[in-house]
file data33.cif (mmCIF, C-alpha atoms and all ligand atoms)
data_start
loop_
_atom_site.label_atom_id
_atom_site.label_comp_id
_atom_site.auth_asym_id
_atom_site.auth_seq_id
_atom_site.Cartn_x
_atom_site.Cartn_y
_atom_site.Cartn_z
CA MET A 1 8.04 29.16 2.10
CA PRO A 2 7.81 25.51 3.22
CA SER A 3 7.53 23.07 0.34
CA THR A 4 4.27 21.28 -0.39
CA ILE A 5 3.86 17.66 -1.38
CA LEU A 6 0.72 16.33 -3.01
CA VAL A 7 -0.17 12.85 -1.80
CA THR A 8 -2.76 10.84 -3.73
CA GLY A 9 -4.70 8.13 -1.89
CA GLY A 10 -3.72 9.54 1.50
CA ALA A 11 -6.91 8.31 3.20
CA GLY A 12 -5.96 4.69 2.53
CA PHE A 13 -3.77 2.34 4.54
CA ILE A 14 -0.22 3.26 3.52
CA GLY A 15 -0.96 6.82 2.36
CA SER A 16 -2.42 7.82 5.73
CA ASN A 17 0.51 6.32 7.63
CA PHE A 18 2.85 8.21 5.30
CA ILE A 19 1.10 11.56 5.82
CA LEU A 20 1.06 11.16 9.61
CA GLN A 21 4.77 10.34 9.56
CA ARG A 22 5.62 13.37 7.36
CA ILE A 23 3.59 15.78 9.50
CA GLU A 24 5.11 14.37 12.68
CA GLU A 25 8.58 14.88 11.22
CA GLY A 26 7.67 18.47 10.30
CA THR A 27 8.76 18.22 6.70
CA GLY A 28 6.39 20.84 5.20
CA GLN A 29 2.84 21.06 3.85
CA VAL A 30 0.87 18.01 2.72
CA VAL A 31 -2.17 18.07 0.44
CA ASN A 32 -4.11 14.80 0.35
CA LEU A 33 -6.14 14.07 -2.81
CA ASP A 34 -8.41 11.07 -2.29
CA LYS A 35 -11.60 9.83 -3.90
CA LEU A 36 -12.69 8.10 -0.67
CA THR A 37 -13.57 4.74 -2.18
CA TYR A 38 -14.60 1.95 0.21
CA ALA A 39 -10.87 1.72 1.14
CA GLY A 40 -10.42 5.41 1.95
CA ASN A 41 -11.19 6.53 5.49
CA LEU A 42 -10.71 10.06 6.79
CA ARG A 43 -10.64 8.75 10.36
CA ASN A 44 -7.09 7.59 9.60
CA VAL A 45 -5.97 11.21 9.42
CA ASP A 46 -8.31 12.55 12.12
CA SER A 47 -5.43 13.53 14.39
CA ILE A 48 -4.12 16.11 11.88
CA SER A 49 -7.41 17.21 10.29
CA SER A 50 -7.14 20.73 11.72
CA ASP A 51 -3.35 21.04 11.43
CA ARG A 52 -2.42 24.07 9.28
CA ARG A 53 0.21 22.01 7.47
CA TYR A 54 -2.42 19.59 6.14
CA GLU A 55 -5.26 19.90 3.63
CA PHE A 56 -7.70 17.30 2.33
CA VAL A 57 -9.15 17.49 -1.17
CA HIS A 58 -11.91 15.09 -2.16
CA GLY A 59 -11.48 14.00 -5.77
CA ASP A 60 -10.47 11.48 -8.39
CA ILE A 61 -6.94 11.38 -9.85
CA GLY A 62 -8.66 10.75 -13.20
CA ASP A 63 -10.45 14.13 -13.04
CA ARG A 64 -7.97 16.12 -15.07
CA GLU A 65 -9.63 19.49 -14.59
CA LEU A 66 -9.58 19.05 -10.82
CA VAL A 67 -5.96 17.84 -10.81
CA ARG A 68 -4.90 20.75 -13.06
CA ARG A 69 -6.49 23.34 -10.79
CA LEU A 70 -5.09 21.67 -7.69
CA LEU A 71 -1.53 21.66 -9.03
CA GLU A 72 -1.80 25.31 -10.06
CA ARG A 73 -3.13 26.32 -6.65
CA CYS A 74 -0.83 24.22 -4.42
CA GLN A 75 2.38 24.44 -6.46
CA PRO A 76 3.75 21.17 -5.04
CA SER A 77 7.45 20.39 -5.21
CA ALA A 78 6.65 16.66 -5.21
CA ILE A 79 3.84 14.20 -5.80
CA VAL A 80 3.67 10.88 -3.97
CA HIS A 81 1.20 8.67 -5.78
CA PHE A 82 -0.49 5.99 -3.65
CA ALA A 83 -4.04 6.15 -5.06
CA ALA A 84 -5.05 2.79 -6.50
CA GLU A 85 -7.46 -0.09 -6.33
CA THR A 86 -5.42 -2.61 -4.36
CA HIS A 87 -7.22 -5.84 -3.50
CA VAL A 88 -6.32 -8.84 -5.70
CA ASP A 89 -9.57 -10.72 -4.95
CA ARG A 90 -11.65 -7.70 -5.98
CA SER A 91 -9.60 -7.36 -9.17
CA ILE A 92 -10.52 -10.95 -10.03
CA ARG A 93 -14.23 -10.32 -9.48
CA GLY A 94 -14.30 -6.97 -11.30
CA PRO A 95 -11.18 -5.57 -13.00
CA ASP A 96 -12.84 -2.42 -14.42
CA ASP A 97 -12.09 -0.09 -11.52
CA PHE A 98 -8.48 -1.32 -11.49
CA ILE A 99 -7.93 -0.29 -15.10
CA ARG A 100 -9.81 2.97 -14.57
CA THR A 101 -7.84 4.13 -11.54
CA ASN A 102 -4.50 2.34 -11.76
CA VAL A 103 -3.95 2.75 -15.50
CA ASP A 104 -6.18 5.58 -16.78
CA GLY A 105 -5.96 7.48 -13.48
CA THR A 106 -2.17 7.29 -13.35
CA PHE A 107 -2.01 8.37 -16.99
CA ALA A 108 -4.23 11.39 -16.28
CA LEU A 109 -2.13 12.31 -13.25
CA LEU A 110 1.08 12.00 -15.27
CA GLU A 111 -0.26 14.15 -18.09
CA GLU A 112 -1.35 16.94 -15.73
CA THR A 113 1.91 16.65 -13.83
CA ARG A 114 3.90 16.96 -17.03
CA ALA A 115 1.99 20.09 -18.05
CA TYR A 116 2.46 21.66 -14.60
CA TRP A 117 6.12 20.67 -14.38
CA SER A 118 6.90 22.03 -17.86
CA GLY A 119 5.68 25.45 -16.76
CA LEU A 120 7.91 25.65 -13.66
CA SER A 121 11.07 27.74 -13.42
CA ASP A 122 14.32 25.89 -14.25
CA ASP A 123 15.21 25.57 -10.60
CA ALA A 124 11.77 24.31 -9.53
CA ARG A 125 11.69 21.89 -12.48
CA ASN A 126 15.05 20.42 -11.46
CA HIS A 127 13.94 19.93 -7.88
CA PHE A 128 10.48 18.54 -8.65
CA ARG A 129 9.87 14.81 -7.95
CA PHE A 130 7.09 12.35 -8.87
CA LEU A 131 7.18 9.19 -6.74
CA HIS A 132 5.02 6.29 -7.89
CA VAL A 133 4.23 3.69 -5.22
CA SER A 134 4.04 0.18 -6.66
CA THR A 135 4.20 -3.44 -5.67
CA ASP A 136 6.36 -6.57 -5.86
CA GLU A 137 3.41 -8.33 -7.52
CA VAL A 138 4.40 -6.89 -10.93
CA TYR A 139 7.25 -9.44 -11.02
CA GLY A 140 4.93 -12.46 -10.87
CA SER A 141 5.50 -15.55 -8.77
CA LEU A 142 8.73 -17.16 -7.48
CA GLY A 143 9.55 -20.86 -7.16
CA PRO A 144 10.76 -22.09 -3.76
CA ASN A 145 14.45 -21.83 -4.68
CA ASP A 146 14.40 -18.74 -6.90
CA PRO A 147 16.37 -15.68 -5.77
CA PRO A 148 14.20 -12.76 -4.60
CA PHE A 149 12.98 -10.12 -7.08
CA SER A 150 15.54 -7.42 -7.91
CA GLU A 151 15.03 -4.17 -9.84
CA THR A 152 16.09 -5.98 -13.04
CA THR A 153 13.71 -8.95 -12.72
CA PRO A 154 11.44 -8.98 -15.82
CA TYR A 155 7.81 -8.01 -15.24
CA ALA A 156 5.36 -10.95 -15.31
CA PRO A 157 2.13 -9.82 -13.61
CA ASN A 158 -0.48 -12.54 -13.06
CA SER A 159 -3.62 -10.84 -11.69
CA PRO A 160 -5.67 -7.95 -13.05
CA TYR A 161 -4.40 -5.96 -10.04
CA SER A 162 -0.72 -6.62 -10.72
CA ALA A 163 -1.19 -6.14 -14.48
CA SER A 164 -2.76 -2.73 -13.87
CA LYS A 165 0.09 -1.75 -11.53
CA ALA A 166 2.65 -2.99 -14.08
CA ALA A 167 1.00 -0.85 -16.75
CA SER A 168 1.22 2.21 -14.51
CA ASP A 169 4.90 1.48 -13.73
CA HIS A 170 5.62 1.39 -17.47
CA LEU A 171 3.88 4.73 -17.98
CA VAL A 172 5.94 6.31 -15.21
CA ARG A 173 9.11 4.90 -16.73
CA ALA A 174 8.15 6.29 -20.14
CA TYR A 175 7.44 9.77 -18.75
CA HIS A 176 10.94 9.87 -17.35
CA HIS A 177 12.58 8.43 -20.44
CA THR A 178 10.65 10.49 -22.99
CA TYR A 179 9.92 13.78 -21.23
CA GLY A 180 12.60 13.82 -18.54
CA LEU A 181 10.01 14.00 -15.72
CA PRO A 182 11.99 13.33 -12.51
CA THR A 183 10.24 10.15 -11.39
CA PHE A 184 10.88 7.32 -8.94
CA THR A 185 9.08 4.00 -8.79
CA THR A 186 9.17 2.05 -5.54
CA ASN A 187 8.08 -1.60 -5.63
CA CYS A 188 7.25 -2.88 -2.19
CA SER A 189 6.27 -6.21 -0.64
CA ASN A 190 3.16 -6.88 1.49
CA ASN A 191 2.61 -4.29 4.20
CA TYR A 192 0.90 -4.70 7.55
CA GLY A 193 0.05 -2.33 10.40
CA ARG A 194 -2.68 0.06 11.60
CA PHE A 195 -5.41 1.35 9.24
CA GLN A 196 -5.30 -1.59 6.80
CA PHE A 197 -8.78 -2.37 5.50
CA PRO A 198 -9.86 -5.76 6.90
CA GLU A 199 -10.32 -7.42 3.51
CA LYS A 200 -6.54 -8.13 3.47
CA LEU A 201 -5.06 -11.19 5.16
CA ILE A 202 -3.66 -9.84 8.43
CA PRO A 203 -6.49 -7.54 9.62
CA LEU A 204 -9.13 -10.02 8.42
CA MET A 205 -7.56 -12.79 10.47
CA ILE A 206 -7.21 -10.58 13.56
CA LEU A 207 -10.87 -9.56 13.45
CA ASN A 208 -12.18 -13.06 12.73
CA ALA A 209 -9.98 -14.55 15.45
CA ARG A 210 -11.23 -11.97 17.94
CA GLU A 211 -14.83 -12.79 17.10
CA GLY A 212 -14.34 -16.56 17.02
CA LYS A 213 -15.21 -16.74 13.30
CA PRO A 214 -13.59 -19.15 10.78
CA LEU A 215 -10.14 -18.14 9.48
CA PRO A 216 -10.34 -18.77 5.71
CA VAL A 217 -7.03 -20.01 4.30
CA TYR A 218 -6.80 -20.16 0.51
CA GLY A 219 -5.43 -23.42 -0.93
CA ASP A 220 -2.85 -25.18 1.25
CA GLY A 221 -1.78 -22.03 3.13
CA LYS A 222 1.82 -22.45 1.98
CA ASN A 223 1.93 -19.34 -0.20
CA VAL A 224 4.76 -17.09 0.87
CA ARG A 225 4.72 -13.31 1.27
CA ASP A 226 7.53 -10.97 2.38
CA TRP A 227 5.96 -8.88 5.16
CA LEU A 228 6.99 -5.30 5.94
CA PHE A 229 5.71 -3.07 8.76
CA VAL A 230 3.95 -0.09 7.16
CA GLU A 231 5.97 2.55 9.04
CA ASP A 232 9.17 1.08 7.63
CA HIS A 233 7.69 1.34 4.13
CA CYS A 234 6.78 4.98 4.72
CA ALA A 235 10.32 5.74 5.94
CA ALA A 236 11.70 4.10 2.79
CA ILE A 237 9.45 6.25 0.59
CA SER A 238 10.69 9.39 2.35
CA LYS A 239 14.29 8.29 1.83
CA VAL A 240 13.73 7.82 -1.88
CA LEU A 241 11.82 11.09 -2.17
CA ASP A 242 14.52 13.08 -0.38
CA GLN A 243 17.69 11.32 -1.59
CA GLY A 244 16.86 9.00 -4.53
CA ARG A 245 18.19 9.34 -8.08
CA PRO A 246 15.46 10.45 -10.52
CA GLY A 247 14.54 7.83 -13.10
CA GLU A 248 15.46 4.96 -10.75
CA THR A 249 13.32 2.19 -9.34
CA TYR A 250 13.85 0.88 -5.81
CA ASN A 251 12.67 -2.43 -4.39
CA ILE A 252 11.51 -2.29 -0.77
CA GLY A 253 10.97 -5.41 1.33
CA GLY A 254 11.01 -6.76 4.83
CA TRP A 255 13.60 -9.55 4.45
CA ASN A 256 10.84 -11.49 6.10
CA GLU A 257 9.32 -14.34 4.10
CA LYS A 258 6.52 -16.24 5.80
CA ARG A 259 3.96 -18.81 4.77
CA ASN A 260 0.38 -17.66 5.22
CA LEU A 261 -0.31 -20.42 7.74
CA GLU A 262 2.61 -19.32 9.89
CA VAL A 263 1.31 -15.73 9.89
CA ILE A 264 -2.20 -16.87 10.84
CA GLU A 265 -0.97 -19.14 13.63
CA THR A 266 1.12 -16.30 15.06
CA ILE A 267 -1.94 -14.04 15.04
CA CYS A 268 -4.02 -16.74 16.78
CA ASP A 269 -1.42 -17.08 19.54
CA ILE A 270 -1.24 -13.32 20.15
CA VAL A 271 -5.04 -12.91 20.15
CA ASP A 272 -5.33 -15.85 22.62
CA GLU A 273 -2.81 -14.11 24.86
CA VAL A 274 -4.18 -10.55 24.64
CA ALA A 275 -7.90 -11.40 24.55
CA PRO A 276 -8.25 -14.81 26.20
CA ARG A 277 -11.55 -16.59 25.83
CA ASP A 278 -12.99 -19.73 27.26
CA GLY A 279 -12.84 -22.71 25.02
CA ALA A 280 -10.55 -23.87 22.25
CA PRO A 281 -7.45 -22.02 21.03
CA ARG A 282 -8.07 -19.74 18.04
CA LYS A 283 -5.92 -21.96 15.80
CA GLU A 284 -8.86 -24.33 15.68
CA LEU A 285 -10.77 -21.69 13.70
CA ILE A 286 -8.42 -22.20 10.71
CA THR A 287 -10.52 -23.37 7.75
CA PHE A 288 -9.09 -24.29 4.35
CA VAL A 289 -11.18 -22.80 1.54
CA LYS A 290 -11.10 -22.80 -2.25
CA ASP A 291 -7.88 -21.29 -3.64
CA ARG A 292 -7.72 -17.86 -5.30
CA PRO A 293 -7.59 -18.28 -9.12
CA GLY A 294 -4.03 -17.73 -10.41
CA HIS A 295 -2.77 -17.42 -6.81
CA ASP A 296 0.92 -16.39 -6.86
CA ARG A 297 2.95 -18.86 -4.82
CA ARG A 298 5.79 -16.78 -3.49
CA TYR A 299 6.94 -13.14 -3.36
CA ALA A 300 10.27 -12.03 -1.94
CA MET A 301 12.20 -8.78 -2.37
CA ASP A 302 15.90 -8.19 -2.76
CA ALA A 303 16.09 -4.78 -1.08
CA ARG A 304 19.87 -4.38 -1.27
CA LYS A 305 19.86 -1.45 -3.72
CA ILE A 306 17.93 0.91 -1.39
CA GLU A 307 20.17 -0.17 1.49
CA ARG A 308 23.37 0.33 -0.49
CA GLU A 309 22.41 3.64 -2.09
CA LEU A 310 20.20 5.26 0.52
CA GLY A 311 21.00 3.44 3.75
CA TRP A 312 17.45 2.17 4.36
CA ARG A 313 16.69 -1.09 6.15
CA PRO A 314 13.52 -2.10 7.99
CA LYS A 315 13.63 -1.34 11.72
CA GLU A 316 10.71 -3.41 12.95
CA THR A 317 10.95 -7.18 13.30
CA PHE A 318 7.91 -9.24 12.31
CA GLU A 319 7.57 -10.41 15.92
CA SER A 320 7.30 -6.89 17.34
CA GLY A 321 5.38 -5.44 14.37
CA ILE A 322 2.68 -8.09 14.38
CA ARG A 323 2.20 -7.66 18.14
CA LYS A 324 1.73 -3.90 17.75
CA THR A 325 -0.69 -4.52 14.89
CA VAL A 326 -2.83 -7.08 16.73
CA ARG A 327 -3.03 -4.77 19.75
CA TRP A 328 -4.00 -1.82 17.57
CA TYR A 329 -6.91 -3.71 16.00
CA LEU A 330 -8.09 -5.00 19.36
CA GLU A 331 -7.92 -1.54 20.92
CA ASN A 332 -9.60 0.46 18.15
CA GLU A 333 -13.19 -0.72 18.25
CA ASP A 334 -14.58 2.54 16.83
CA TRP A 335 -12.38 2.36 13.75
CA ILE A 336 -13.37 -1.27 13.21
CA ARG A 337 -17.07 -0.49 13.63
CA ASP A 338 -16.73 2.31 11.12
CA VAL A 339 -15.12 0.26 8.36
CA THR A 340 -17.01 -2.99 8.86
CA SER A 341 -20.27 -1.40 7.77
CA GLY A 342 -22.80 -2.56 5.16
CA ALA A 343 -20.54 -2.51 2.10
CA TYR A 344 -17.86 -4.45 3.92
CA ARG A 345 -20.29 -7.09 5.14
CA GLN A 346 -21.63 -7.53 1.61
CA TRP A 347 -18.10 -8.19 0.28
CA ILE A 348 -17.36 -10.76 2.98
CA ALA A 349 -20.70 -12.50 2.44
CA ALA A 350 -20.30 -12.61 -1.36
CA HIS A 351 -16.62 -13.54 -1.46
CA TYR A 352 -16.42 -16.20 1.22
CA SER A 353 -19.71 -17.94 0.50
CA VAL A 354 -18.44 -19.52 -2.76
P1 LIG A 401 -5.73 1.19 0.01
O1 LIG A 401 -6.63 0.38 -0.83
O2 LIG A 401 -5.76 1.03 1.50
O3 LIG A 401 -5.97 2.75 -0.27
C1 LIG A 401 -6.10 3.27 -1.55
C2 LIG A 401 -6.55 4.73 -1.42
O4 LIG A 401 -6.65 5.28 -2.74
C3 LIG A 401 -7.92 4.89 -0.76
O5 LIG A 401 -7.88 5.92 0.19
C4 LIG A 401 -8.83 5.24 -1.93
O6 LIG A 401 -9.95 6.04 -1.54
C5 LIG A 401 -7.88 6.00 -2.85
N1 LIG A 401 -8.30 5.97 -4.26
C6 LIG A 401 -8.70 4.89 -4.98
N2 LIG A 401 -9.02 5.27 -6.23
C7 LIG A 401 -8.80 6.62 -6.30
C8 LIG A 401 -8.92 7.58 -7.33
N3 LIG A 401 -9.35 7.23 -8.56
N4 LIG A 401 -8.59 8.87 -7.07
C9 LIG A 401 -8.16 9.23 -5.83
N5 LIG A 401 -8.05 8.36 -4.81
C10 LIG A 401 -8.35 7.07 -5.04
O7 LIG A 401 -4.25 0.94 -0.56
P2 LIG A 401 -2.86 0.78 0.18
O8 LIG A 401 -2.73 -0.62 0.68
O9 LIG A 401 -2.66 1.92 1.10
O10 LIG A 401 -1.88 0.91 -1.06
C11 LIG A 401 -1.37 2.19 -1.47
C12 LIG A 401 -0.46 2.00 -2.67
O11 LIG A 401 0.62 1.14 -2.31
C13 LIG A 401 -1.13 1.34 -3.88
O12 LIG A 401 -0.69 2.00 -5.04
C14 LIG A 401 -0.67 -0.10 -3.83
O13 LIG A 401 -0.61 -0.66 -5.12
C15 LIG A 401 0.72 0.06 -3.22
N6 LIG A 401 1.20 -1.10 -2.45
C16 LIG A 401 0.46 -1.65 -1.45
C17 LIG A 401 0.95 -2.70 -0.71
C18 LIG A 401 0.19 -3.31 0.44
O14 LIG A 401 0.64 -4.32 1.00
N7 LIG A 401 -0.92 -2.75 0.86
C19 LIG A 401 2.22 -3.23 -1.02
C20 LIG A 401 2.95 -2.66 -2.06
C21 LIG A 401 2.44 -1.59 -2.76
P1 LIG A 402 -3.67 -10.33 0.58
O1 LIG A 402 -3.64 -9.68 1.93
O2 LIG A 402 -4.93 -10.25 -0.23
O3 LIG A 402 -2.43 -9.75 -0.23
P2 LIG A 402 -1.82 -10.20 -1.68
O4 LIG A 402 -2.70 -11.17 -2.32
O5 LIG A 402 -1.80 -8.88 -2.40
O6 LIG A 402 -0.46 -10.74 -1.38
O7 LIG A 402 -3.31 -11.88 0.75
C1 LIG A 402 -2.07 -12.29 1.33
C2 LIG A 402 -2.00 -13.79 1.22
O8 LIG A 402 -3.02 -14.36 2.03
C3 LIG A 402 -2.24 -14.30 -0.20
O9 LIG A 402 -1.42 -15.44 -0.42
C4 LIG A 402 -3.71 -14.73 -0.19
C5 LIG A 402 -3.91 -15.20 1.26
N1 LIG A 402 -5.28 -15.01 1.81
C6 LIG A 402 -5.93 -16.10 2.41
O10 LIG A 402 -5.39 -17.22 2.49
N2 LIG A 402 -7.18 -15.91 2.92
C7 LIG A 402 -7.83 -14.71 2.86
O11 LIG A 402 -8.99 -14.61 3.32
C8 LIG A 402 -7.14 -13.59 2.26
C9 LIG A 402 -7.79 -12.24 2.16
C10 LIG A 402 -5.86 -13.80 1.75
#

call {"tool": "encode", "arguments": {"input": "data33.cif", "output": "structure tokens"}}
result
Amino acid sequence: MPSTILVTGGAGFIGSNFILQRIEEGTGQVVNLDKLTYAGNLRNVDSISSDRRYEFVHGDIGDRELVRRLLERCQPSAIVHFAAETHVDRSIRGPDDFIRTNVDGTFALLEETRAYWSGLSDDARNHFRFLHVSTDEVYGSLGPNDPPFSETTPYAPNSPYSASKAASDHLVRAYHHTYGLPTFTTNCSNNYGRFQFPEKLIPLMILNAREGKPLPVYGDGKNVRDWLFVEDHCAAISKVLDQGRPGETYNIGGWNEKRNLEVIETICDIVDEVAPRDGAPRKELITFVKDRPGHDRRYAMDARKIERELGWRPKETFESGIRKTVRWYLENEDWIRDVTSGAYRQWIAAHYSV
């Protein structure tokens, strides 16, 4: 019988890319448990919705009864846990949902997983894996000359989002250490690519540039992020899932540090080229706005451990990945129309008017 993996948050940006990649590679059954918050979109997995190897279940990771029944019915050999609240700006405006899903939800999922796993046969228990998808933001902020974050960098989260992710990482660590649950934690840098909700920097800038709207840059625009193409991240997760050492954490990054302004200017140039318009170049839309409170200055990942142990390195360069991404957003009008509905417009109006 082919093995089943349970993916949480598989209707979101990275989760949907991961599921599509797994199904394409023919690596078994996938069950997708997603609450469908504003960030979850079933259109992302439209192309496999009637595939017999895929099943969608609508629900909350914090609903223990539902998770218990699902685990009993599907008998997964692995869980890949993406489900989370993920937008730093939203966590600043209202942290409650971040604690509820990222901390309480992960705890609930871990408890039900532990109960399920304890009841498996010896062989199934040994082969079972729980992979927790986390972020570089748990490490805090780097100075300009600091070395990149490694797996031994102390945690120093600065936003409600990163604090909630750090808390969930600690729970996962404890479930391995105390109960022997075969866990992995992957901490990854900023992703970009298709299906990212346009509240995040790259898709927001592409859409605003296309429409000739202001491009809001927080602070001086010199904050640095380490950008990774989403498909490379998904490949790294599969590597860890299939070949990683239980109990380990793996840092994943793009070896690709860029200042926000540089990213935005690159997007402007590509949009000018692909969708030319009369008038001024898109760069002139760049508008400096009030900084994000507690805005981390620089993130960068030392991804040598995953390369050394598992042979993973990113394949896509930023230059080719950002081109593919801009094209995708410009060519997928229906998807954009779908996600930029009422709730999205309200967020943009409320957040950028202050
Ligand atoms: P996303 O916001 O696009 O998607 C999150 C998904 O989780 C959505 O489909 C949403 O409906 C679902 N969800 C939220 N709460 C839920 C709940 N209580 N129960 C079930 N489903 C729920 O997020 P993303 O960018 O795809 O990020 C996925 C994971 O990767 C997160 O854990 C995030 O912390 C981590 N991560 C993201 C990035 C990045 O750059 N986007 C980088 C590193 C790590
Ligand atoms: P974001 O995509 O929210 O990711 P994160 O904060 O998790 O790294 O933001 C990436 C960078 O872009 C971050 O330094 C904040 C900045 N930013 C802007 O300058 N303007 C914007 O409108 C947004 C959404 C982000």

call {"tool": "residues_near_point", "arguments": {"input": "data33.cif", "point": "(-6.8, 18.6, -14.8)", "cutoff": "12 Å", "atoms": "only C-alpha atoms", "output": "CSV table (one decimal) with C-alpha atoms, in the frame of the given file"}}
result
chain,number,residue,atom,x,y,z
A,59,GLY,CA,-11.5,14.0,-5.8
A,60,ASP,CA,-10.5,11.5,-8.4
A,61,ILE,CA,-6.9,11.4,-9.8
A,62,GLY,CA,-8.7,10.8,-13.2
A,63,ASP,CA,-10.4,14.1,-13.0
A,64,ARG,CA,-8.0,16.1,-15.1
A,65,GLU,CA,-9.6,19.5,-14.6
A,66,LEU,CA,-9.6,19.0,-10.8
A,67,VAL,CA,-6.0,17.8,-10.8
A,68,ARG,CA,-4.9,20.8,-13.1
A,69,ARG,CA,-6.5,23.3,-10.8
A,70,LEU,CA,-5.1,21.7,-7.7
A,71,LEU,CA,-1.5,21.7,-9.0
A,72,GLU,CA,-1.8,25.3,-10.1
A,73,ARG,CA,-3.1,26.3,-6.6
A,105,GLY,CA,-6.0,7.5,-13.5
A,107,PHE,CA,-2.0,8.4,-17.0
A,108,ALA,CA,-4.2,11.4,-16.3
A,109,LEU,CA,-2.1,12.3,-13.2
A,110,LEU,CA,1.1,12.0,-15.3
A,111,GLU,CA,-0.3,14.2,-18.1
A,112,GLU,CA,-1.4,16.9,-15.7
A,113,THR,CA,1.9,16.6,-13.8
A,114,ARG,CA,3.9,17.0,-17.0
A,115,ALA,CA,2.0,20.1,-18.0
A,116,TYR,CA,2.5,21.7,-14.6

call {"tool": "residues_near_point", "arguments": {"input": "data33.cif", "point": "(-6.5, 1.6, -1.6)", "cutoff": "8 Å", "atoms": "only C-alpha atoms", "output": "list in words"}}
result
Gly9, Gly12, Phe13, Thr37, Ala39, Gly40, Phe82, Ala83, Ala84, Glu85, Thr86 and His87 of chain A

call {"tool": "residues_near_ligand", "arguments": {"input": "data33.cif", "ligand": "ligand LIG 402 (chain A)", "cutoff": "7 Å", "atoms": "all atoms listed in the file", "output": "PyMOL selection string"}}
result
chain A and resi 87-89+190+199-202+204+216-218+221+223-225+260+295-296

call {"tool": "write_last_selection", "arguments": {"input": "data33.cif", "atoms": "C-alpha atoms", "output": "compact mmCIF listing (two decimals), in the coordinates of the input"}}
result
# COMPACT_ATOMS: atom_id res chain seq x y z
CA HIS A 87 -7.22 -5.84 -3.50
CA VAL A 88 -6.32 -8.84 -5.70
CA ASP A 89 -9.57 -10.72 -4.95
CA ASN A 190 3.16 -6.88 1.49
CA GLU A 199 -10.32 -7.42 3.51
CA LYS A 200 -6.54 -8.13 3.47
CA LEU A 201 -5.06 -11.19 5.16
CA ILE A 202 -3.66 -9.84 8.43
CA LEU A 204 -9.13 -10.02 8.42
CA PRO A 216 -10.34 -18.77 5.71
CA VAL A 217 -7.03 -20.01 4.30
CA TYR A 218 -6.80 -20.16 0.51
CA GLY A 221 -1.78 -22.03 3.13
CA ASN A 223 1.93 -19.34 -0.20
CA VAL A 224 4.76 -17.09 0.87
CA ARG A 225 4.72 -13.31 1.27
CA ASN A 260 0.38 -17.66 5.22
CA HIS A 295 -2.77 -17.42 -6.81
CA ASP A 296 0.92 -16.39 -6.86

call {"tool": "atom_distance", "arguments": {"input": "data33.cif", "atom1": "atom CA of A:Leu330", "atom2": "atom CA of A:Val263"}}
result
17.1 Å

call {"tool": "atom_distance", "arguments": {"input": "data33.cif", "atom1": "atom CA of A:Phe149", "atom2": "atom CA of A:His177"}}
result
22.9 Å

call {"tool": "atom_distance", "arguments": {"input": "data33.cif", "atom1": "atom CA of A:His132", "atom2": "atom CA of A:Thr106"}}
result
9.1 Å
